[in-house]
$ cat data.cif   # mmCIF, C-alpha atoms
data_upload
#
loop_
_atom_site.label_atom_id
_atom_site.label_comp_id
_atom_site.auth_asym_id
_atom_site.auth_seq_id
_atom_site.Cartn_x
_atom_site.Cartn_y
_atom_site.Cartn_z
CA MET N 120 120.90 132.96 172.47
CA GLU N 121 123.91 130.67 172.48
CA ARG N 122 123.17 129.72 168.88
CA ILE N 123 123.65 133.31 167.71
CA GLY N 124 126.41 134.16 170.17
CA ILE N 125 124.60 136.69 172.34
CA GLY N 126 124.47 136.54 176.13
CA LEU N 127 121.60 137.78 178.24
CA GLU N 128 123.41 140.87 179.54
CA PRO N 129 122.32 143.19 176.69
CA PHE N 130 118.70 142.37 177.51
CA TYR N 131 118.80 143.30 181.21
CA PRO N 132 117.82 146.97 180.65
CA ILE N 133 114.89 145.89 178.46
CA ILE N 134 113.79 143.30 181.01
CA ASN N 135 114.00 145.81 183.85
CA ALA N 136 112.05 148.45 181.89
CA THR N 137 109.40 145.86 181.02
CA LEU N 138 108.98 144.85 184.65
CA GLN N 139 108.70 148.48 185.69
CA ASN N 140 106.07 149.12 183.00
CA ILE N 141 104.09 146.07 184.12
CA GLU N 142 104.21 147.28 187.71
CA GLU N 143 103.06 150.76 186.73
CA ARG N 144 100.59 150.03 183.92
CA GLY N 145 99.75 146.32 184.13
CA PRO N 146 100.60 143.62 181.59
CA LEU N 147 97.94 144.47 179.02
CA LEU N 148 99.07 148.06 178.52
CA SER N 149 102.76 147.14 178.76
CA LEU N 150 102.78 144.65 175.88
CA THR N 151 105.18 145.59 173.10
CA GLY N 152 106.69 143.75 170.17
CA PRO N 153 105.91 142.69 166.63
CA VAL N 154 102.51 141.14 167.38
CA ILE N 155 101.10 144.26 169.03
CA ARG N 156 102.51 146.33 166.14
CA GLY N 157 101.05 143.98 163.53
CA ASP N 158 104.56 143.43 162.16
CA ALA N 159 104.14 140.12 160.35
CA GLY N 160 107.49 140.52 158.57
CA THR N 161 109.43 140.52 161.84
CA ILE N 162 107.46 137.54 163.11
CA THR N 163 108.28 135.66 159.90
CA ASP N 164 111.96 136.61 160.28
CA HIS N 165 111.96 135.31 163.86
CA LEU N 166 110.36 132.02 162.82
CA ASN N 167 112.83 131.60 159.94
CA ALA N 168 115.73 132.25 162.33
CA MET N 169 114.51 129.33 164.45
CA SER N 170 115.09 126.78 161.71
CA GLY N 171 115.65 123.38 163.32
CA MET N 172 114.49 124.65 166.71
CA ASP N 173 111.05 123.06 166.72
CA GLN N 174 110.41 123.33 170.47
CA GLN N 175 111.43 127.00 170.61
CA LYS N 176 109.38 127.74 167.50
CA SER N 177 106.31 126.14 169.09
CA ILE N 178 106.78 128.24 172.22
CA TYR N 179 107.22 131.40 170.12
CA LYS N 180 104.01 130.66 168.23
CA ALA N 181 102.07 129.94 171.42
CA LEU N 182 103.29 133.16 173.06
CA SER N 183 102.50 135.10 169.90
CA LEU N 184 98.92 133.85 170.02
CA VAL N 185 98.67 134.99 173.65
CA ALA N 186 100.03 138.40 172.58
CA LEU N 187 97.47 138.49 169.76
CA ASP N 188 94.66 137.86 172.25
CA MET N 189 96.04 140.65 174.44
CA ALA N 190 96.22 142.97 171.44
CA LYS N 191 92.58 142.25 170.66
CA LYS N 192 91.67 143.11 174.23
CA ARG N 193 93.44 146.44 173.74
CA ASN N 194 91.46 146.98 170.53
CA VAL N 195 94.64 147.15 168.51
CA SER N 196 94.42 146.26 164.84
CA THR N 197 96.88 143.41 164.13
CA SER N 198 97.25 140.57 161.69
CA LYS N 199 97.60 136.96 162.87
CA PRO N 200 101.24 135.74 162.95
#

$ encode --input "data.cif" --output "structure tokens"
Amino acid sequence: MERIGIGLEPFYPIINATLQNIEERGPLLSLTGPVIRGDAGTITDHLNAMSGMDQQKSIYKALSLVALDMAKKRNVSTSKP
């Protein structure tokens, strides 16, 4: 976030809403984002934005694969990131 000049404060409402959704619906039904939507273009944009950030890119890819597994469990049609 420092690299692009954004603090965490703008994300607090999203984080709070996510936690509330998880509490109410569980993690599987609360998953949102480009993987669950099958939005390969956004995933590619995110990976390109992490140029030179190999560790962060590896974490993003690993978490995306977890999200893909969750999407499959929800029977959502997605493409692999």

$ atom_distance --input "data.cif" --atom1 "CA of Leu187 in chain N" --atom2 "CA of Ile155 in chain N"
6.9 Å

$ atom_distance --input "data.cif" --atom1 "CA of Leu150 in chain N" --atom2 "CA of Ile123 in chain N"
25.1 Å

$ resolve_selection --input "data.cif" --expression "the PyMOL selection byres ((chain N and resi 122) around 12)" --output "PDB file with C-alpha atoms, in the frame of the given file"
ATOM      1  CA  MET N 120     120.900 132.960 172.470  1.00  0.00           C
ATOM      2  CA  GLU N 121     123.910 130.670 172.480  1.00  0.00           C
ATOM      3  CA  ILE N 123     123.650 133.310 167.710  1.00  0.00           C
ATOM      4  CA  GLY N 124     126.410 134.160 170.170  1.00  0.00           C
ATOM      5  CA  ILE N 125     124.600 136.690 172.340  1.00  0.00           C
ATOM      6  CA  GLY N 126     124.470 136.540 176.130  1.00  0.00           C
ATOM      7  CA  ALA N 168     115.730 132.250 162.330  1.00  0.00           C
ATOM      8  CA  MET N 169     114.510 129.330 164.450  1.00  0.00           C
ATOM      9  CA  SER N 170     115.090 126.780 161.710  1.00  0.00           C
ATOM     10  CA  GLY N 171     115.650 123.380 163.320  1.00  0.00           C
ATOM     11  CA  MET N 172     114.490 124.650 166.710  1.00  0.00           C
TER      12      MET N 172
END

$ resolve_selection --input "data.cif" --expression "the PyMOL selection byres ((chain N and resi 146-149) around 9)" --output "list in words"
Thr137, Leu138, Asn140, Ile141, Glu142, Glu143, Arg144, Gly145, Leu150, Thr151, Met189, Ala190, Lys192 and Arg193 of chain N

$ atom_distance --input "data.cif" --atom1 "CA of Val154 in chain N" --atom2 "CA of Gln139 in chain N"
20.7 Å

$ resolve_selection --input "data.cif" --expression "the PyMOL selection byres ((chain N and resi 158-163) around 12)" --output "list in words"
Thr151, Gly152, Pro153, Val154, Ile155, Arg156, Gly157, Asp164, His165, Leu166, Asn167, Ala168, Met169, Ser170, Lys176, Tyr179, Lys180, Leu182, Ser183, Leu184, Leu187, Ser196, Thr197, Ser198, Lys199 and Pro200 of chain N

$ build_atoms --input "data.cif" --residues "range 162-187 of chain N" --atoms "N, CA, C and O atoms" --output "mmCIF file, in the frame of the given file"
data_model
loop_
_atom_site.group_PDB
_atom_site.id
_atom_site.type_symbol
_atom_site.label_atom_id
_atom_site.label_comp_id
_atom_site.auth_asym_id
_atom_site.auth_seq_id
_atom_site.Cartn_x
_atom_site.Cartn_y
_atom_site.Cartn_z
ATOM 1 N N ILE N 162 107.838 138.848 162.592
ATOM 2 C CA ILE N 162 107.460 137.540 163.110
ATOM 3 C C ILE N 162 107.948 136.443 162.177
ATOM 4 O O ILE N 162 108.517 135.441 162.625
ATOM 5 N N THR N 163 107.780 136.628 160.888
ATOM 6 C CA THR N 163 108.280 135.660 159.900
ATOM 7 C C THR N 163 109.791 135.526 159.999
ATOM 8 O O THR N 163 110.319 134.407 159.972
ATOM 9 N N ASP N 164 110.502 136.643 160.124
ATOM 10 C CA ASP N 164 111.960 136.610 160.280
ATOM 11 C C ASP N 164 112.362 135.814 161.520
ATOM 12 O O ASP N 164 113.310 135.025 161.490
ATOM 13 N N HIS N 165 111.654 136.042 162.628
ATOM 14 C CA HIS N 165 111.960 135.310 163.860
ATOM 15 C C HIS N 165 111.753 133.813 163.662
ATOM 16 O O HIS N 165 112.603 133.006 164.051
ATOM 17 N N LEU N 166 110.639 133.440 163.048
ATOM 18 C CA LEU N 166 110.360 132.020 162.820
ATOM 19 C C LEU N 166 111.404 131.401 161.891
ATOM 20 O O LEU N 166 111.856 130.276 162.126
ATOM 21 N N ASN N 167 111.805 132.110 160.852
ATOM 22 C CA ASN N 167 112.830 131.600 159.940
ATOM 23 C C ASN N 167 114.177 131.440 160.649
ATOM 24 O O ASN N 167 114.923 130.502 160.361
ATOM 25 N N ALA N 168 114.467 132.331 161.584
ATOM 26 C CA ALA N 168 115.730 132.250 162.330
ATOM 27 C C ALA N 168 115.758 131.043 163.267
ATOM 28 O O ALA N 168 116.832 130.616 163.690
ATOM 29 N N MET N 169 114.587 130.485 163.557
ATOM 30 C CA MET N 169 114.510 129.330 164.450
ATOM 31 C C MET N 169 114.471 128.010 163.681
ATOM 32 O O MET N 169 113.975 127.006 164.181
ATOM 33 N N SER N 170 115.037 128.001 162.499
ATOM 34 C CA SER N 170 115.090 126.780 161.710
ATOM 35 C C SER N 170 115.762 125.668 162.512
ATOM 36 O O SER N 170 116.832 125.859 163.085
ATOM 37 N N GLY N 171 115.108 124.515 162.579
ATOM 38 C CA GLY N 171 115.650 123.380 163.320
ATOM 39 C C GLY N 171 115.447 123.471 164.818
ATOM 40 O O GLY N 171 115.942 122.624 165.554
ATOM 41 N N MET N 172 114.740 124.462 165.269
ATOM 42 C CA MET N 172 114.490 124.650 166.710
ATOM 43 C C MET N 172 112.991 124.491 166.957
ATOM 44 O O MET N 172 112.307 125.428 167.349
ATOM 45 N N ASP N 173 112.493 123.296 166.717
ATOM 46 C CA ASP N 173 111.050 123.060 166.720
ATOM 47 C C ASP N 173 110.391 123.406 168.054
ATOM 48 O O ASP N 173 109.310 124.002 168.076
ATOM 49 N N GLN N 174 111.010 123.040 169.167
ATOM 50 C CA GLN N 174 110.410 123.330 170.470
ATOM 51 C C GLN N 174 110.327 124.837 170.705
ATOM 52 O O GLN N 174 109.292 125.350 171.124
ATOM 53 N N GLN N 175 111.417 125.544 170.421
ATOM 54 C CA GLN N 175 111.430 127.000 170.610
ATOM 55 C C GLN N 175 110.433 127.680 169.686
ATOM 56 O O GLN N 175 109.761 128.633 170.070
ATOM 57 N N LYS N 176 110.333 127.174 168.459
ATOM 58 C CA LYS N 176 109.380 127.740 167.500
ATOM 59 C C LYS N 176 107.949 127.545 167.983
ATOM 60 O O LYS N 176 107.121 128.452 167.876
ATOM 61 N N SER N 177 107.652 126.388 168.550
ATOM 62 C CA SER N 177 106.310 126.140 169.090
ATOM 63 C C SER N 177 105.997 127.080 170.236
ATOM 64 O O SER N 177 104.875 127.598 170.335
ATOM 65 N N ILE N 178 106.968 127.319 171.100
ATOM 66 C CA ILE N 178 106.780 128.240 172.220
ATOM 67 C C ILE N 178 106.562 129.653 171.696
ATOM 68 O O ILE N 178 105.673 130.370 172.166
ATOM 69 N N TYR N 179 107.360 130.065 170.711
ATOM 70 C CA TYR N 179 107.220 131.400 170.120
ATOM 71 C C TYR N 179 105.815 131.582 169.540
ATOM 72 O O TYR N 179 105.171 132.607 169.757
ATOM 73 N N LYS N 180 105.345 130.568 168.818
ATOM 74 C CA LYS N 180 104.010 130.660 168.230
ATOM 75 C C LYS N 180 102.936 130.739 169.299
ATOM 76 O O LYS N 180 101.993 131.531 169.185
ATOM 77 N N ALA N 181 103.059 129.925 170.351
ATOM 78 C CA ALA N 181 102.070 129.940 171.420
ATOM 79 C C ALA N 181 102.050 131.297 172.121
ATOM 80 O O ALA N 181 100.974 131.861 172.378
ATOM 81 N N LEU N 182 103.221 131.847 172.411
ATOM 82 C CA LEU N 182 103.290 133.160 173.060
ATOM 83 C C LEU N 182 102.776 134.259 172.145
ATOM 84 O O LEU N 182 102.153 135.227 172.609
ATOM 85 N N SER N 183 103.005 134.114 170.852
ATOM 86 C CA SER N 183 102.500 135.100 169.900
ATOM 87 C C SER N 183 100.979 135.094 169.861
ATOM 88 O O SER N 183 100.351 136.153 169.737
ATOM 89 N N LEU N 184 100.389 133.917 169.981
ATOM 90 C CA LEU N 184 98.920 133.850 170.020
ATOM 91 C C LEU N 184 98.373 134.486 171.292
ATOM 92 O O LEU N 184 97.325 135.139 171.259
ATOM 93 N N VAL N 185 99.075 134.319 172.411
ATOM 94 C CA VAL N 185 98.670 134.990 173.650
ATOM 95 C C VAL N 185 98.765 136.504 173.453
ATOM 96 O O VAL N 185 97.858 137.250 173.834
ATOM 97 N N ALA N 186 99.870 136.966 172.843
ATOM 98 C CA ALA N 186 100.030 138.400 172.580
ATOM 99 C C ALA N 186 98.929 138.906 171.650
ATOM 100 O O ALA N 186 98.427 140.026 171.825
ATOM 101 N N LEU N 187 98.547 138.101 170.673
ATOM 102 C CA LEU N 187 97.470 138.490 169.760
ATOM 103 C C LEU N 187 96.148 138.654 170.522
ATOM 104 O O LEU N 187 95.414 139.624 170.305
#
